[in-house]
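Everything below belongs to run30.txt, which stores compact mmCIF, C-alpha atoms and all ligand atoms.
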# COMPACT_ATOMS: atom_id res chain seq x y z
CA THR A 1 120.59 298.41 145.62
CA GLY A 2 120.97 294.69 146.24
CA THR A 3 122.65 291.54 145.04
CA LEU A 4 119.92 289.66 143.14
CA MET A 5 121.85 289.94 139.87
CA THR A 6 125.41 289.78 141.18
CA GLY A 7 127.58 287.74 138.81
CA LYS A 8 125.05 287.95 135.98
CA ARG A 9 125.87 289.45 132.60
CA GLY A 10 123.19 290.63 130.23
CA LEU A 11 122.64 292.14 126.82
CA ILE A 12 120.01 294.86 126.74
CA MET A 13 118.68 295.82 123.31
CA GLY A 14 116.31 298.70 122.65
CA VAL A 15 117.60 301.64 124.65
CA ALA A 16 117.01 304.76 122.53
CA ASN A 17 116.97 307.32 125.35
CA ASN A 18 116.23 307.64 129.06
CA ARG A 19 112.49 307.17 128.45
CA SER A 20 112.95 303.72 126.88
CA ILE A 21 111.45 300.73 128.65
CA ALA A 22 114.80 298.95 128.12
CA TRP A 23 116.44 301.72 130.15
CA GLY A 24 114.06 301.05 133.06
CA ILE A 25 114.99 297.36 132.94
CA ALA A 26 118.73 298.09 132.61
CA LYS A 27 118.69 300.37 135.66
CA ALA A 28 116.85 297.78 137.76
CA CYS A 29 119.31 295.01 136.85
CA VAL A 30 122.43 297.09 137.44
CA ALA A 31 121.10 298.27 140.82
CA GLN A 32 121.07 294.57 141.76
CA GLY A 33 124.64 293.95 140.67
CA ALA A 34 124.27 292.93 137.01
CA GLU A 35 126.87 293.77 134.40
CA VAL A 36 125.26 294.88 131.13
CA ALA A 37 126.04 295.53 127.48
CA LEU A 38 123.81 297.85 125.46
CA THR A 39 123.17 298.04 121.73
CA TYR A 40 122.07 301.03 119.68
CA GLN A 41 120.44 301.17 116.28
CA GLY A 42 122.41 303.45 113.97
CA ASP A 43 124.80 306.32 114.56
CA ALA A 44 122.05 308.81 115.43
CA LEU A 45 121.36 306.92 118.66
CA LYS A 46 125.00 306.18 119.49
CA LYS A 47 125.57 309.52 121.17
CA ARG A 48 122.43 309.07 123.27
CA VAL A 49 123.18 305.51 124.35
CA GLU A 50 126.89 305.88 125.15
CA PRO A 51 126.40 308.27 128.11
CA LEU A 52 123.58 306.07 129.41
CA ALA A 53 125.86 303.03 129.28
CA ALA A 54 128.51 305.02 131.15
CA GLU A 55 125.93 305.78 133.86
CA LEU A 56 125.57 302.01 134.29
CA GLY A 57 129.34 301.53 134.42
CA SER A 58 129.26 299.69 131.08
CA ASN A 59 131.76 300.11 128.28
CA LEU A 60 130.19 297.44 126.09
CA VAL A 61 128.10 299.54 123.70
CA LEU A 62 127.60 297.91 120.33
CA PRO A 63 125.77 298.83 117.13
CA CYS A 64 123.00 296.47 116.08
CA ASP A 65 120.25 296.60 113.52
CA VAL A 66 118.10 293.46 113.76
CA THR A 67 117.31 293.57 110.04
CA ASN A 68 121.00 292.85 109.45
CA ALA A 69 122.16 289.32 110.35
CA ALA A 70 125.84 290.27 110.21
CA SER A 71 125.32 293.03 112.76
CA MET A 72 123.62 290.57 115.14
CA ASP A 73 126.46 288.07 114.61
CA ALA A 74 129.00 290.78 115.43
CA VAL A 75 127.27 291.62 118.73
CA PHE A 76 127.34 288.03 119.95
CA GLU A 77 130.92 287.59 118.79
CA SER A 78 131.92 290.64 120.85
CA LEU A 79 130.04 289.32 123.88
CA GLY A 80 131.64 285.90 123.51
CA ASN A 81 135.07 287.52 123.44
CA ALA A 82 134.39 289.89 126.34
CA TRP A 83 132.40 287.62 128.64
CA GLY A 84 132.61 284.07 127.29
CA GLY A 85 128.91 283.61 128.11
CA LEU A 86 125.62 285.37 128.70
CA ASP A 87 123.05 285.11 131.50
CA PHE A 88 120.22 287.25 130.18
CA LEU A 89 118.91 289.04 127.10
CA VAL A 90 116.37 291.87 126.90
CA HIS A 91 114.60 292.39 123.56
CA ALA A 92 112.78 295.75 123.65
CA ILE A 93 112.57 296.38 119.92
CA ALA A 94 109.66 297.17 117.64
CA PHE A 95 109.05 299.13 114.46
CA SER A 96 106.27 299.82 112.01
CA ASP A 97 105.71 302.54 109.44
CA LYS A 98 103.99 305.37 111.30
CA SER A 99 101.54 305.93 108.48
CA GLU A 100 100.02 302.49 109.15
CA LEU A 101 99.58 303.08 112.90
CA ASP A 102 96.50 305.05 112.00
CA GLY A 103 93.43 304.33 109.91
CA ARG A 104 92.38 300.74 109.22
CA TYR A 105 94.36 297.52 109.73
CA VAL A 106 92.83 296.13 106.57
CA ASP A 107 94.80 298.67 104.53
CA THR A 108 98.22 297.34 105.69
CA THR A 109 100.70 296.91 102.83
CA GLU A 110 102.69 293.74 102.24
CA LYS A 111 105.91 295.71 102.53
CA ASN A 112 105.15 297.19 105.94
CA PHE A 113 103.58 293.93 107.17
CA SER A 114 106.85 292.10 106.41
CA GLN A 115 109.03 294.83 107.86
CA THR A 116 106.95 295.06 111.05
CA MET A 117 107.05 291.28 111.52
CA LEU A 118 110.79 291.12 110.84
CA VAL A 119 111.80 293.87 113.26
CA SER A 120 109.16 293.35 115.96
CA CYS A 121 108.72 289.57 115.93
CA PHE A 122 111.31 287.50 114.06
CA SER A 123 114.17 289.46 115.65
CA LEU A 124 113.42 287.78 119.00
CA THR A 125 113.92 284.36 117.42
CA ALA A 126 117.00 285.52 115.50
CA LEU A 127 118.54 286.78 118.73
CA ALA A 128 117.52 283.67 120.70
CA GLN A 129 119.35 281.53 118.12
CA ARG A 130 122.53 283.45 118.85
CA ALA A 131 122.03 283.82 122.61
CA GLU A 132 121.47 280.07 123.03
CA LYS A 133 125.09 279.41 122.09
CA LEU A 134 126.28 281.68 124.90
CA MET A 135 123.89 280.17 127.46
CA PRO A 136 125.06 276.53 127.76
CA SER A 137 123.91 276.26 131.36
CA GLY A 138 120.74 278.32 131.20
CA GLY A 139 119.65 281.91 131.02
CA SER A 140 116.68 284.24 130.83
CA ILE A 141 115.30 285.98 127.75
CA LEU A 142 112.72 288.76 128.03
CA THR A 143 110.70 290.62 125.42
CA LEU A 144 108.13 293.41 125.54
CA THR A 145 104.59 293.15 124.25
CA TYR A 146 101.28 295.02 124.47
CA TYR A 147 97.62 294.21 125.08
CA GLY A 148 96.95 295.09 121.43
CA ALA A 149 98.11 291.50 120.75
CA GLU A 150 95.07 290.16 122.61
CA LYS A 151 92.37 292.71 121.89
CA VAL A 152 91.80 295.29 119.18
CA MET A 153 93.26 298.64 120.17
CA PRO A 154 92.68 301.78 118.13
CA HIS A 155 95.57 302.50 115.73
CA TYR A 156 97.73 299.58 116.92
CA ASN A 157 96.87 297.72 113.70
CA VAL A 158 99.71 295.66 112.17
CA MET A 159 101.71 296.03 115.38
CA GLY A 160 98.95 294.12 117.22
CA VAL A 161 99.29 291.28 114.72
CA ALA A 162 103.09 291.30 115.17
CA LYS A 163 102.76 291.29 118.97
CA ALA A 164 100.37 288.32 118.81
CA ALA A 165 103.02 286.45 116.80
CA LEU A 166 105.68 287.62 119.25
CA GLU A 167 103.72 286.22 122.20
CA ALA A 168 103.33 282.90 120.38
CA SER A 169 107.09 282.98 119.69
CA VAL A 170 107.71 283.32 123.43
CA ARG A 171 105.83 280.06 124.00
CA TYR A 172 107.55 278.15 121.19
CA LEU A 173 110.99 279.42 122.18
CA ALA A 174 110.31 278.54 125.83
CA ALA A 175 109.46 274.98 124.77
CA ASP A 176 112.55 274.65 122.57
CA LEU A 177 115.06 276.17 124.96
CA GLY A 178 113.70 274.91 128.29
CA ARG A 179 115.74 271.71 128.10
CA THR A 180 118.95 273.69 128.63
CA GLY A 181 117.45 275.89 131.34
CA ILE A 182 116.88 278.92 129.14
CA ARG A 183 113.65 280.67 130.09
CA VAL A 184 111.73 282.95 127.72
CA ASN A 185 109.08 285.38 128.94
CA ALA A 186 107.35 288.61 127.98
CA ILE A 187 106.11 291.63 129.84
CA SER A 188 102.91 293.12 128.48
CA ALA A 189 103.39 296.73 129.49
CA GLY A 190 100.65 299.32 129.75
CA PRO A 191 101.05 302.43 127.58
CA ILE A 192 104.09 304.60 128.37
CA LYS A 193 105.14 307.77 126.55
CA THR A 194 108.31 306.70 124.70
CA LEU A 195 109.82 307.39 121.29
CA ALA A 196 108.16 304.29 119.80
CA ALA A 197 104.79 305.24 121.30
CA SER A 198 104.94 308.65 119.63
CA GLY A 199 104.35 306.82 116.33
CA ILE A 200 100.87 305.74 117.45
CA SER A 201 98.04 308.16 116.63
CA ASP A 202 96.09 309.64 119.56
CA PHE A 203 98.48 308.11 122.10
CA ARG A 204 97.49 310.74 124.68
CA TYR A 205 93.91 309.49 124.54
CA ILE A 206 95.11 305.90 125.10
CA LEU A 207 97.16 307.03 128.13
CA LYS A 208 94.17 308.85 129.64
CA TRP A 209 91.83 305.93 128.93
CA ASN A 210 94.19 303.56 130.75
CA GLU A 211 94.62 305.97 133.62
CA TYR A 212 90.86 306.30 134.19
CA ASN A 213 89.89 302.72 133.49
CA SER A 214 92.55 300.50 135.06
CA PRO A 215 92.09 299.08 138.58
CA LEU A 216 95.02 301.17 139.88
CA ARG A 217 93.67 304.28 138.09
CA ARG A 218 97.06 305.35 136.78
CA THR A 219 99.52 304.37 134.07
CA VAL A 220 102.77 302.54 134.73
CA THR A 221 106.37 303.80 134.66
CA ILE A 222 109.50 302.35 133.10
CA GLU A 223 110.75 301.79 136.67
CA GLU A 224 107.73 299.57 137.36
CA VAL A 225 108.33 297.59 134.18
CA GLY A 226 112.00 297.48 135.24
CA SER A 227 111.12 295.87 138.58
CA ALA A 228 109.01 293.19 136.90
CA GLY A 229 111.81 292.70 134.37
CA LEU A 230 114.24 292.18 137.19
CA TYR A 231 112.01 289.43 138.57
CA LEU A 232 111.80 287.66 135.20
CA LEU A 233 115.54 287.99 134.53
CA SER A 234 116.65 286.93 138.00
CA ASP A 235 116.51 283.56 139.73
CA LEU A 236 113.39 284.72 141.62
CA SER A 237 111.40 283.54 138.58
CA ARG A 238 113.42 280.34 138.04
CA GLY A 239 110.23 278.28 137.76
CA VAL A 240 108.61 280.58 135.20
CA THR A 241 108.84 280.31 131.41
CA GLY A 242 106.63 280.92 128.38
CA GLU A 243 104.72 283.52 130.37
CA VAL A 244 103.22 286.85 129.31
CA HIS A 245 103.19 288.94 132.48
CA HIS A 246 101.05 292.09 132.47
CA VAL A 247 102.48 295.24 134.03
CA ASP A 248 99.59 297.53 133.17
CA SER A 249 97.95 298.67 136.43
CA GLY A 250 95.64 295.69 135.93
CA TYR A 251 93.99 297.12 132.82
CA HIS A 252 93.72 293.71 131.11
CA VAL A 253 91.31 292.34 133.74
CA GLN A 254 88.84 295.16 133.25
CA GLY A 255 85.64 294.22 131.40
CA MET A 256 84.16 297.71 131.06
CA LYS A 257 85.13 301.26 131.81
CA ASN A 258 85.30 302.30 135.45
CA GLU A 259 82.08 303.81 136.77
CA ASP A 260 84.04 306.72 138.23
CA ALA A 261 85.96 307.43 135.01
CA PRO A 262 85.64 311.05 133.86
CA ASP A 263 84.92 311.83 130.20
CA ILE A 264 88.02 312.27 128.08
P1 LIG B 301 111.71 303.08 122.39
O1 LIG B 301 111.51 303.89 121.16
O2 LIG B 301 112.44 303.72 123.49
O3 LIG B 301 112.41 301.70 122.04
C1 LIG B 301 112.22 301.03 120.81
C2 LIG B 301 113.60 300.55 120.37
O4 LIG B 301 113.52 299.73 119.22
C3 LIG B 301 114.54 301.71 120.05
O5 LIG B 301 115.68 301.63 120.88
C4 LIG B 301 114.91 301.45 118.60
O6 LIG B 301 116.22 301.82 118.30
C5 LIG B 301 114.73 299.94 118.52
N1 LIG B 301 114.63 299.47 117.14
C6 LIG B 301 113.68 299.73 116.22
N2 LIG B 301 114.01 299.15 115.04
C7 LIG B 301 115.19 298.49 115.24
C8 LIG B 301 116.06 297.72 114.42
N3 LIG B 301 115.78 297.49 113.12
N4 LIG B 301 117.18 297.21 114.96
C9 LIG B 301 117.50 297.43 116.27
N5 LIG B 301 116.72 298.16 117.09
C10 LIG B 301 115.59 298.69 116.58
O7 LIG B 301 110.24 302.66 122.83
P2 LIG B 301 109.71 301.62 123.95
O8 LIG B 301 108.29 301.99 124.14
O9 LIG B 301 110.62 301.57 125.10
O10 LIG B 301 109.72 300.23 123.17
C11 LIG B 301 110.36 299.07 123.65
C12 LIG B 301 109.44 297.86 123.48
O11 LIG B 301 108.33 297.98 124.38
C13 LIG B 301 108.84 297.70 122.08
O12 LIG B 301 108.81 296.33 121.76
C14 LIG B 301 107.43 298.20 122.27
O13 LIG B 301 106.53 297.68 121.34
C15 LIG B 301 107.16 297.69 123.67
N6 LIG B 301 106.01 298.28 124.36
C16 LIG B 301 105.89 299.63 124.49
C17 LIG B 301 104.80 300.16 125.15
C18 LIG B 301 104.65 301.66 125.29
O14 LIG B 301 103.52 302.12 125.54
N7 LIG B 301 105.67 302.44 125.17
C19 LIG B 301 103.82 299.32 125.69
C20 LIG B 301 103.96 297.95 125.56
C21 LIG B 301 105.06 297.43 124.88
Once you've parsed the file, please lay out its structure as structure tokens.
Amino acid sequence: TGTLMTGKRGLIMGVANNRSIAWGIAKACVAQGAEVALTYQGDALKKRVEPLAAELGSNLVLPCDVTNAASMDAVFESLGNAWGGLDFLVHAIAFSDKSELDGRYVDTTEKNFSQTMLVSCFSLTALAQRAEKLMPSGGSILTLTYYGAEKVMPHYNVMGVAKAALEASVRYLAADLGRTGIRVNAISAGPIKTLAASGISDFRYILKWNEYNSPLRRTVTIEEVGSAGLYLLSDLSRGVTGEVHHVDSGYHVQGMKNEDAPDI
């Protein structure tokens, strides 16, 4: 515990359960004194998220589906009423039809392309539009991305295209919002076994590949992503914006497989 986030209030979106990356970030912020609000997508997740919020001492638990503008408006209205302002926002949201996280990217349908882009990419901008109004004297916005935005990863397909657009959005939002002291950054996390990851075919193989072939020779945890998130959300990173920060055991610097990597 510490005081890095004392006096800061943040909205954390994307907690589905205690394996969620957003949960790792929420825990890290609260341990440093932050006050947080959580959102959940749909009633099925409400009963999972409410006890987690209680663990963080939060009673601000709000429904939000980012495909519904009115539901996003309602969240920011509630926050305005409860807090009058906002210091940070975590966007840990992505979705694509599971059937297209397999096979060839070239076979992506228009319907799923649009849906994937809306939920996984445009939602950051839609939320930034609303957060800006509650951040008149600055703030920090953080999203989650993956190396599949930069390089072709098996089965990541349309999600890789959406993450590339998301990373570009981080840069454009950082440029637009920097004038008022709002910073916008992303963490590019290595593979972690979460609910969202279970939609990706052969995810176990990807985990093993990263374990054997990253410089640290292991995968990362949500607590490690949480620590990096804490840095980007706190004043420690006050000179940093528009950045995509890799928390992936160094995998992205690797040019070839490790010589000592066993066969998978
Ligand atoms: P997760 O399943 O725990 O979280 C995904 C969240 O997205 C869920 O809480 C879900 O409710 C939410 N969501 C989906 N559609 C939504 C909608 N329409 N409205 C509101 N919320 C919606 O999985 P996670 O792995 O923690 O994912 C969080 C973020 O991290 C995602 O952006 C994901 O792409 C990214 N990421 C994950 C990994 C990994 O290996 N797990 C690696 C890099 C980046």
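Rounded to one decimal, atom CA of A:Ile192 and atom CA of A:Gly160 lie 16.1 Å from each other.
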Protein and nucleic acid residues within 6 Å of ligand LIG 301 (chain B) (all atoms listed in the file) as a ChimeraX atom specification
/A:14-16,20-22,41,64-67,92-95,119,144-146,188-197
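Nearest to A:Met135 of all the residues A:Met159, A:Leu166, A:Ala53, A:Ile182 is A:Ile182, counting only C-alpha atoms.
For A:Ala34, the list of residues within 6 Å, based on all atoms listed in the file and with local chain neighbours fewer than 6 positions off taken out, reads Met5, Thr6, Lys8 and Arg9 of chain A.
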Selected residues, C-alpha atoms, written as a PDB file, keeping the file's coordinate frame, please.
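Final file, out.pdb:
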ATOM      1  CA  MET A   5     121.850 289.940 139.870  1.00  0.00           C
ATOM      2  CA  THR A   6     125.410 289.780 141.180  1.00  0.00           C
ATOM      3  CA  LYS A   8     125.050 287.950 135.980  1.00  0.00           C
ATOM      4  CA  ARG A   9     125.870 289.450 132.600  1.00  0.00           C
TER       5      ARG A   9
END
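Across A:Asp87, A:Glu50, A:Glu223, A:Glu110, the tightest approach to A:Leu142 is made by A:Asp87 when counting only C-alpha atoms.
Taking atom CA of A:Val49 and atom CA of A:Ser140 as the two end points, the separation is 23.2 Å.
Around A:Tyr105, within 12 Å and counting all atoms listed in the file, the residues found are A:Ser99, A:Glu100, A:Leu101, A:Asp102, A:Thr108, A:Thr109, A:Glu110, A:Asn112, A:Phe113, A:Val152, A:Met153, A:Pro154, A:His155, A:Tyr156, A:Asn157, A:Val158, A:Met159, A:Gly160, A:Val161, once anything fewer than 3 positions away on its own chain is removed.
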So that I can see what lies close to A:Ala37, please list as a PyMOL selection string the residues with an atom at most 10 Å from it, counting all atoms listed in the file and leaving out residues fewer than 3 positions away in the same chain.
chain A and resi 9-13+26+53+56-62+75+79+89
Give me the box for stretch 117-127 of chain A as lines of an AutoDock Vina configuration file, namely the centre and edge lengths in Å to one decimal of a box along x, y and z that holds every listed atom plus 5 Å on each side.
center_x = 112.8
center_y = 289.1
center_z = 114.9
size_x = 21.5
size_y = 19.5
size_z = 18.2
With a distance cut-off of 7 Å and all atoms listed in the file, select the neighbouring residues of A:Gly181, excluding the residue or stretch itself and same-chain residues fewer than 5 positions from it, and output the selection as a VMD selection string.
chain A and resid 137 to 139
With distances taken over only C-alpha atoms, the candidate from A:Glu35, A:Asp260, A:Asp97, A:Glu150 nearest A:Ser114 is A:Asp97
Measuring atom to atom with all atoms listed in the file, identify which of A:Thr1, A:Asn213, A:Gln32, A:Thr116 is nearest to A:Leu230.
A:Gln32
Using only C-alpha atoms, the shortest atom-to-atom distance to A:Tyr251 among A:Phe122, A:Trp23, A:Tyr147, A:Phe76 belongs to A:Tyr147
